[in-house]
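A quick write-up on the structure given underneath.
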Amino acid sequence: MKGFALPMALFGGLVLAAALAGPLSESVAGFRYDRPDPSSPLLEPGGLSVSAHPRSYRPDDALMQALDADGDGLIACTRSPQGRCFCPELEELASVASRLRRGFEAEANRGVGLDRGTDMDRGGGVALEAWERLLGTVPERMAARLSGKRLDLDGDSTISRNEWATGTAFLGLDGQDAALFDADLDGQVTAVELQGVPVMRTHILGTDALGRDLLARLLYGLRVSLLVSLAAATVSLLLGTLLGLLSGLVGGKTDRAFLRLLEVLQSVPFLFLVILLSVFARDVLKLRWQEAETAALAQAVLLFAALGAVQWFSLARYARGLAVSLKEAPFVQSLAGMGFSTPRIVLRHILPNTVLPISAYAVLLVPALVLEEAFLSFLGFGIQPPYPSLGILLGEGVAHMAGSPVLLVAPAATVLVLAFSVNLLGEALARRLGGGRNGA
Amino acid sequence: MNRGTTETRGLRLAAARLASAVCVLLLVYSVSFALMRLAPGGPFDRLQGLPEQTVENLERRFGLDRPVGEQYWVTLSGYLTGDLGPSLSFAPGRSVGEVLAEALPVSLELGAWALLVALAIGGAGGLAAGRRPGRLLDRVTTGMALAVISASLIVLGALGRELLALPGVPLELGGFDSWRNKLLPVLTLGISSGAVFQRLIRANVAQRMSEGLWAAAAARGVPPLRIFWRYVVPAALIPMLDYAGPVVAGILTGSFVIEAIYEIPGAAACFVHGAQGRDYTLVMAAILVYAALLMACNFLFETLHWLVDPRQRLGRDGGPT
């Protein structure tokens with residue numbers, strides 16, 4: 001079994017982790033994937049602060065402006081010889097604003113306000129009630145300052161980007177709240193004091209931008225991605241194998257027409273249609289089921305069915321080639337010569353011989369589908385909140401990479417190990433089968 | 001069987017391809033039309049708080065109040081006369097033709113450069129690795145290719161973006177109009193597609209190397225390097241033309257991610273924002289343009305294959321099954 005041990009161990013470990021996502025995240029991490037941890041301080045690990053060089057910001061970024069106490073256009077950060085980050089301009093108020101801003105974006109993404117991309121840039125807004133819901137996740141003393149009614153300056157029941165910017169400017173930097181976190185009373189709130197101690201003790205990988213445990217999200221994301229891609233692989237395995245074998249066995253005109261059909265289908269840009277289908281499904285399902293979770297689940301089911309339904313072509317081609325070569329194999333010819341009936345030959349002799357090569361081929365579908373899911377979710381057309389998936393985690397990681405690399409590194413490493421191990425597994429399987437066939 | 005001369009056969013094949021291309025375009029048009037129109041919500045949902053009368057006026061202005069069947073034919077006949085219609089929500093007030101004429105060249109340039117980079121990297125890596133399968137060079141390059149594929153384009157792009165933040169890097173983020181903002185996107189997309197090339201080419205070359213071809217030529221006294229370049233490489237590369245279609249499709253797909261990460265105003269970005277804002281006209285036009293492009297590429301590579309490989313012209317199933 002040379003070549004199998006390592007990929008099997010890696011892949012098996014990941015599958016096990018995904019299967020045990022619930023108990024694992026509860027016992028080890030102790031948090032849910034979809035709820036912010038109420039006891040964690042409001043700063044995400046490294047959120048705005050932990051980079052050794054000052055970070056400039058776009059002049060229109062109101063949050064950064066609010067942070068920049070001395071107005072020099074830079075968020076100052078210095079690193080002491082002991083390696084601690086001093087970020088005098090950083091404090092809790094700002095982190096609340098940061099969290100609200102991300103919540104603001106998250107709400108907008110969810111479609112409460114408007115769609116991503118069009119909303120933030122074009123002066124749309126978030127509905128008042130959605131804003132109040134957001135405020136429910138921050139401490140009361142903060143929420144009072146940012147109540148939706150106070151922010152809604154023009155009284156149209158939405159918080160626009162401008163109104164929000166004005167609101168965060170209210171936050172100011174009065175320093176009172178920051179003093180709470182100054183553990184060593186040196187007059188400076190360090191990054192370590194803010195996020196290190198309380199965060200790192202309980203959240204093994206830290207928390208994400210909304211205060212949710214990253215490990216729990218990673219475990220559940222892995223589970224969702226694996227489920228979606230395994231299901232999609234099954235759909236395309238069934239379709240591809242069935243049609244391909246049938247076409248190869250029947251042969252003649254049917255076979256030629258089938259090959260031609262495959263060629264035509266392969267030139268259709270299905271990705272675009274899957275994206276459209278995803279948009280379509282999201283809206284239809286949202287009307288059908290009011291709860292976000294049910295709608296997201298239904299959409300995931302639809303998504304994997306669609307992914308599977310556009311991935312079967314190469315498999316069908318492979319299965320067809322296999323059927324043709326088996327049909328002409330000497331042992332099949334001699335069986336026919338001995339007078340065995342065709343159904344018996346097909347069921348007892350041809351089909352069993354296709355199982356291993358096809359499964360070796362199909363294994364390689366899984367990493368491809370995991371990457372495809374990641375791709376769709378990254379663009380916002382895949383799995384929908386509240387469910388995490390590897391693609392969603394990658395997207396969040398990319399957004400917060402500069403401040404908090406672990407948000408990107410953890411899902412990226414997971415995807416890497418997953419795809420790598422499954423690819424190695426498929427190759428080892430194919431090599432073994434190839435060797436066996438040549439030897440026979 | 002009467003096959004006629006190769007010329008008439010070729011012409012007939014081309015005509016059949018054209019006919020199926022038209023059918024596919026019609027199919028893509030119909031399916032995307034149905035998906036866009038059957039979904040709840042419309043292009044003007046974004047303008048919250050508009051009086052109902054205004055929305056109705058807008059819909060009448062763009063013909064969205066007509067029966068769906070009529071809209072289907074009106075849009076289709078517009079396409080046939082080259083009129084792609086006005087953009088509804090992505091770029092209000094401008095025509096889809098204008099928007100795409102701006103965005104498409106950007107995406108095409110990105111794709112073309114990336115294809116070149118991918119060919120260079122994948123070709124070199126694949127030939128070097130396939131020449132001596134199992135050796136150190138093979139293991140290193142093939143492992144690297146697998147790592148690049150497994151890492152996914154998203155992570156590669158994110159890492160590339162991090163490079164921009166390093167002090168002293170003369171590169172820029174956003175836009176696509178000088179080498180400063182072109183270099184990283186092109187390299188990222190090229191490297192990730194090159195890794196796919198490397199695997200395909202390596203497998204083909206390695207297979208050819210193990211066939212009798214090599215032994216036969218060596219027995220005739222042909223020097224090893226000449227065998228490799230004259231016999232093995234052409235035999236291994238020609239079947240690659242069959243994969244060209246999917247590879248071009250892969251680069252198209254990748255440009256979605258690259259345009260999102262590097263903030264490039266290309267056609268993929270148009271499509272993504274258009275789909276989310278229900279810009280019916282823009283999305284449909286983008287899909288059809290991409291479909292036509294993809295099929296044109298497929299046709300081009302198929303013709304090339306037909307010209308280069310005599311087995312194709314003779315109508316024999318020459319390729320490996």
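Numbering starts fresh at 1 for the residues of each chain in the structure tokens, the chains themselves are lettered A, B, ... in the order given, and ligands are numbered from 1 as they appear.
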- Message: Could you list, as a PyMOL selection string, every residue within 6 Å of segment 354-367 of chain A, counting only C-alpha atoms and ignoring same-chain residues fewer than 3 positions away?
- Response: chain A and resi 229+351+370+419+423+426+429-430
Rows by chain and residue number, chain B within 8 Å of chain A, shortest pair, only C-alpha atoms, as a tab-separated table:
residue	atom	partner	partner_atom	distance
B:Ser20	CA	A:Val264	CA	7.1
B:Ala21	CA	A:Val264	CA	7.9
B:Val24	CA	A:Val268	CA	7.0
B:Val28	CA	A:Val268	CA	7.6
B:Val31	CA	A:Leu273	CA	7.9
B:Ser32	CA	A:Leu273	CA	6.6
B:Leu35	CA	A:Phe280	CA	6.2
B:Met36	CA	A:Phe280	CA	6.9
B:Leu38	CA	A:Phe280	CA	7.7
B:Ala39	CA	A:Phe280	CA	5.0
B:Pro40	CA	A:Asp283	CA	6.3
B:Gly41	CA	A:Asp283	CA	7.8
B:Arg46	CA	A:Leu114	CA	6.3
B:Leu146	CA	A:Phe420	CA	6.9
B:Ala147	CA	A:Phe420	CA	6.8
B:Ser150	CA	A:Leu416	CA	4.9
B:Ala151	CA	A:Leu416	CA	4.9
B:Ser152	CA	A:Leu371	CA	6.5
B:Ile154	CA	A:Leu394	CA	7.4
B:Val155	CA	A:Ala412	CA	6.5
B:Ala158	CA	A:Val398	CA	5.9
B:Glu162	CA	A:Ala402	CA	7.5
B:Gly245	CA	A:Ser267	CA	7.3
B:Pro246	CA	A:Gln266	CA	7.8
B:Ala249	CA	A:Pro269	CA	7.5
B:Thr253	CA	A:Leu271	CA	7.6
B:Val257	CA	A:Leu379	CA	7.3
B:Ala260	CA	A:Leu379	CA	7.8
B:Val272	CA	A:Leu379	CA	7.7
B:His273	CA	A:Gly117	CA	6.9
B:Ala275	CA	A:Leu276	CA	6.8
B:Gln276	CA	A:Asp115	CA	6.3
B:Gly277	CA	A:Asp115	CA	6.8
B:Ile287	CA	A:Phe272	CA	6.5
B:Tyr290	CA	A:Pro269	CA	7.3
B:Ala291	CA	A:Pro269	CA	5.7
B:Leu294	CA	A:Ser267	CA	6.5
B:Met295	CA	A:Ser267	CA	5.7
B:Asn298	CA	A:Ser267	CA	7.1
B:Thr321	CA	A:Gly321	CA	5.5
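The space separating atom CA of Glu259 of chain B from atom CA of Val196 of chain B comes to 20.0 Å.
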- Task: Just the alpha helix (DSSP H) stuff from segment 141-222 of chain B, please, per backbone DSSP, written as number ranges by chain.
- Result: B: 141-165, 179-209, 212-219
Write to file, as a compact mmCIF listing (two decimals), in the first residue's frame, the residues of the selection just made, with C-alpha atoms.
# COMPACT_ATOMS: atom_id res chain seq x y z
CA THR B 141 7.95 20.54 -10.39
CA THR B 142 4.97 18.20 -10.20
CA GLY B 143 4.70 18.70 -6.45
CA MET B 144 4.84 22.44 -6.93
CA ALA B 145 2.12 22.31 -9.55
CA LEU B 146 -0.09 20.22 -7.28
CA ALA B 147 0.52 22.65 -4.42
CA VAL B 148 -0.43 25.61 -6.60
CA ILE B 149 -3.63 23.89 -7.75
CA SER B 150 -4.53 22.84 -4.22
CA ALA B 151 -3.86 26.29 -2.80
CA SER B 152 -6.62 27.70 -5.02
CA LEU B 153 -6.52 30.90 -6.97
CA ILE B 154 -8.13 32.82 -4.11
CA VAL B 155 -5.18 32.23 -1.81
CA LEU B 156 -2.64 32.92 -4.54
CA GLY B 157 -4.40 36.20 -5.26
CA ALA B 158 -4.48 37.10 -1.59
CA LEU B 159 -0.77 36.43 -1.26
CA GLY B 160 -0.12 38.52 -4.36
CA ARG B 161 -2.07 41.35 -2.84
CA GLU B 162 0.05 41.13 0.29
CA LEU B 163 3.12 41.70 -1.89
CA LEU B 164 1.71 45.11 -2.76
CA ALA B 165 1.88 46.14 0.88
CA TRP B 179 2.46 47.42 -16.10
CA ARG B 180 2.28 48.41 -12.44
CA ASN B 181 -1.25 47.15 -12.03
CA LYS B 182 -1.13 44.49 -14.75
CA LEU B 183 1.88 42.47 -13.64
CA LEU B 184 0.54 40.80 -10.50
CA PRO B 185 -2.91 39.80 -11.83
CA VAL B 186 -1.38 38.35 -14.98
CA LEU B 187 1.27 36.43 -13.06
CA THR B 188 -1.22 35.08 -10.54
CA LEU B 189 -3.67 33.86 -13.14
CA GLY B 190 -0.84 32.60 -15.37
CA ILE B 191 0.85 30.62 -12.62
CA SER B 192 -2.33 28.96 -11.50
CA SER B 193 -3.34 27.98 -15.05
CA GLY B 194 0.26 27.01 -15.79
CA ALA B 195 0.07 24.45 -13.00
CA VAL B 196 -2.85 22.77 -14.76
CA PHE B 197 -0.89 22.80 -18.03
CA GLN B 198 2.12 21.29 -16.31
CA ARG B 199 0.13 18.30 -15.13
CA LEU B 200 -1.48 17.68 -18.52
CA ILE B 201 1.76 18.04 -20.48
CA ARG B 202 3.75 15.98 -18.02
CA ALA B 203 1.27 13.11 -18.19
CA ASN B 204 1.28 13.16 -21.98
CA VAL B 205 5.05 13.38 -22.35
CA ALA B 206 5.64 10.70 -19.74
CA GLN B 207 3.23 8.40 -21.56
CA ARG B 208 4.93 8.95 -24.91
CA MET B 209 8.34 8.40 -23.36
CA GLY B 212 7.97 2.04 -28.25
CA LEU B 213 8.60 5.28 -30.11
CA TRP B 214 11.70 5.98 -28.11
CA ALA B 215 13.21 2.52 -28.43
CA ALA B 216 12.52 2.38 -32.15
CA ALA B 217 14.17 5.73 -32.80
CA ALA B 218 17.08 4.92 -30.52
CA ALA B 219 17.62 1.66 -32.37
- Note on the structure: A straight line from atom CA of Phe304 of chain A to atom CA of Arg278 of chain B spans 23.0 Å
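One distance worth recording is that between atom CA of Leu288 of chain B and atom CA of Glu102 of chain B, which is 16.5 Å.
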- Write out as a ChimeraX atom specification each polymer residue whose atoms come within 10 Å of Leu237 of chain A, counting only C-alpha atoms; drop sequence neighbours fewer than 2 positions from it. /A:231-235,239-243,308-309,311-313,315-316,319,358-359,361-363,365
Restrict the selected residues to N, CA and C atoms and save them as a PDB file, in the first residue's frame.
ATOM      1  N   ALA A 231     -21.663  15.370  -2.313  1.00  0.00           N
ATOM      2  CA  ALA A 231     -22.977  15.198  -2.912  1.00  0.00           C
ATOM      3  C   ALA A 231     -22.920  15.518  -4.407  1.00  0.00           C
ATOM      4  N   ALA A 232     -22.219  16.601  -4.748  1.00  0.00           N
ATOM      5  CA  ALA A 232     -22.105  16.947  -6.160  1.00  0.00           C
ATOM      6  C   ALA A 232     -21.360  15.865  -6.926  1.00  0.00           C
ATOM      7  N   ALA A 233     -20.300  15.327  -6.296  1.00  0.00           N
ATOM      8  CA  ALA A 233     -19.544  14.258  -6.953  1.00  0.00           C
ATOM      9  C   ALA A 233     -20.443  13.052  -7.176  1.00  0.00           C
ATOM     10  N   THR A 234     -21.327  12.762  -6.196  1.00  0.00           N
ATOM     11  CA  THR A 234     -22.228  11.622  -6.356  1.00  0.00           C
ATOM     12  C   THR A 234     -23.177  11.853  -7.529  1.00  0.00           C
ATOM     13  N   VAL A 235     -23.743  13.050  -7.591  1.00  0.00           N
ATOM     14  CA  VAL A 235     -24.664  13.343  -8.696  1.00  0.00           C
ATOM     15  C   VAL A 235     -23.958  13.147 -10.028  1.00  0.00           C
ATOM     16  N   LEU A 239     -24.756  10.316 -12.975  1.00  0.00           N
ATOM     17  CA  LEU A 239     -25.099  10.735 -14.332  1.00  0.00           C
ATOM     18  C   LEU A 239     -24.045  10.262 -15.334  1.00  0.00           C
ATOM     19  N   GLY A 240     -22.794  10.603 -15.027  1.00  0.00           N
ATOM     20  CA  GLY A 240     -21.713  10.342 -15.970  1.00  0.00           C
ATOM     21  C   GLY A 240     -21.504   8.865 -16.214  1.00  0.00           C
ATOM     22  N   THR A 241     -21.457   8.069 -15.133  1.00  0.00           N
ATOM     23  CA  THR A 241     -21.197   6.647 -15.292  1.00  0.00           C
ATOM     24  C   THR A 241     -22.324   5.967 -16.053  1.00  0.00           C
ATOM     25  N   LEU A 242     -23.533   6.281 -15.642  1.00  0.00           N
ATOM     26  CA  LEU A 242     -24.681   5.626 -16.253  1.00  0.00           C
ATOM     27  C   LEU A 242     -24.735   5.915 -17.755  1.00  0.00           C
ATOM     28  N   LEU A 243     -24.716   7.205 -18.088  1.00  0.00           N
ATOM     29  CA  LEU A 243     -24.853   7.576 -19.496  1.00  0.00           C
ATOM     30  C   LEU A 243     -23.640   7.121 -20.299  1.00  0.00           C
ATOM     31  N   GLY A 308     -22.994  19.337  -9.602  1.00  0.00           N
ATOM     32  CA  GLY A 308     -22.838  17.966 -10.063  1.00  0.00           C
ATOM     33  C   GLY A 308     -23.351  17.801 -11.485  1.00  0.00           C
ATOM     34  N   ALA A 309     -24.429  18.503 -11.791  1.00  0.00           N
ATOM     35  CA  ALA A 309     -25.057  18.335 -13.094  1.00  0.00           C
ATOM     36  C   ALA A 309     -24.228  18.937 -14.223  1.00  0.00           C
ATOM     37  N   GLN A 311     -20.786  18.778 -14.112  1.00  0.00           N
ATOM     38  CA  GLN A 311     -19.423  18.245 -13.998  1.00  0.00           C
ATOM     39  C   GLN A 311     -19.272  16.838 -14.568  1.00  0.00           C
ATOM     40  N   TRP A 312     -20.349  16.289 -15.139  1.00  0.00           N
ATOM     41  CA  TRP A 312     -20.277  14.861 -15.437  1.00  0.00           C
ATOM     42  C   TRP A 312     -19.701  14.546 -16.808  1.00  0.00           C
ATOM     43  N   PHE A 313     -19.430  15.559 -17.620  1.00  0.00           N
ATOM     44  CA  PHE A 313     -19.057  15.289 -19.009  1.00  0.00           C
ATOM     45  C   PHE A 313     -17.768  14.468 -19.141  1.00  0.00           C
ATOM     46  N   LEU A 315     -16.337  12.670 -16.959  1.00  0.00           N
ATOM     47  CA  LEU A 315     -16.525  11.341 -16.387  1.00  0.00           C
ATOM     48  C   LEU A 315     -17.253  10.428 -17.373  1.00  0.00           C
ATOM     49  N   ALA A 316     -18.265  10.985 -18.044  1.00  0.00           N
ATOM     50  CA  ALA A 316     -19.031  10.202 -19.009  1.00  0.00           C
ATOM     51  C   ALA A 316     -18.116   9.738 -20.147  1.00  0.00           C
ATOM     52  N   ALA A 319     -15.975   6.932 -18.799  1.00  0.00           N
ATOM     53  CA  ALA A 319     -16.746   5.699 -18.623  1.00  0.00           C
ATOM     54  C   ALA A 319     -17.058   5.058 -19.974  1.00  0.00           C
ATOM     55  N   ILE A 358     -13.281   3.721 -12.312  1.00  0.00           N
ATOM     56  CA  ILE A 358     -14.152   4.889 -12.243  1.00  0.00           C
ATOM     57  C   ILE A 358     -14.039   5.557 -10.886  1.00  0.00           C
ATOM     58  N   SER A 359     -13.904   4.748  -9.821  1.00  0.00           N
ATOM     59  CA  SER A 359     -13.809   5.418  -8.520  1.00  0.00           C
ATOM     60  C   SER A 359     -12.474   6.149  -8.396  1.00  0.00           C
ATOM     61  N   TYR A 361     -11.041   7.665 -10.760  1.00  0.00           N
ATOM     62  CA  TYR A 361     -11.237   8.901 -11.510  1.00  0.00           C
ATOM     63  C   TYR A 361     -12.122   9.862 -10.729  1.00  0.00           C
ATOM     64  N   ALA A 362     -13.156   9.293 -10.083  1.00  0.00           N
ATOM     65  CA  ALA A 362     -14.137  10.145  -9.413  1.00  0.00           C
ATOM     66  C   ALA A 362     -13.571  10.801  -8.161  1.00  0.00           C
ATOM     67  N   VAL A 363     -12.593  10.138  -7.529  1.00  0.00           N
ATOM     68  CA  VAL A 363     -11.983  10.724  -6.336  1.00  0.00           C
ATOM     69  C   VAL A 363     -11.445  12.111  -6.659  1.00  0.00           C
ATOM     70  N   LEU A 365     -12.619  14.211  -8.534  1.00  0.00           N
ATOM     71  CA  LEU A 365     -13.672  15.227  -8.654  1.00  0.00           C
ATOM     72  C   LEU A 365     -13.819  16.022  -7.363  1.00  0.00           C
TER      73      LEU A 365
END
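Among B:Ala91, B:Pro67, B:Ile251, B:Pro239, the residue with the shortest atom-to-atom distance to Val117 of chain B, counting only C-alpha atoms, is B:Ile251.
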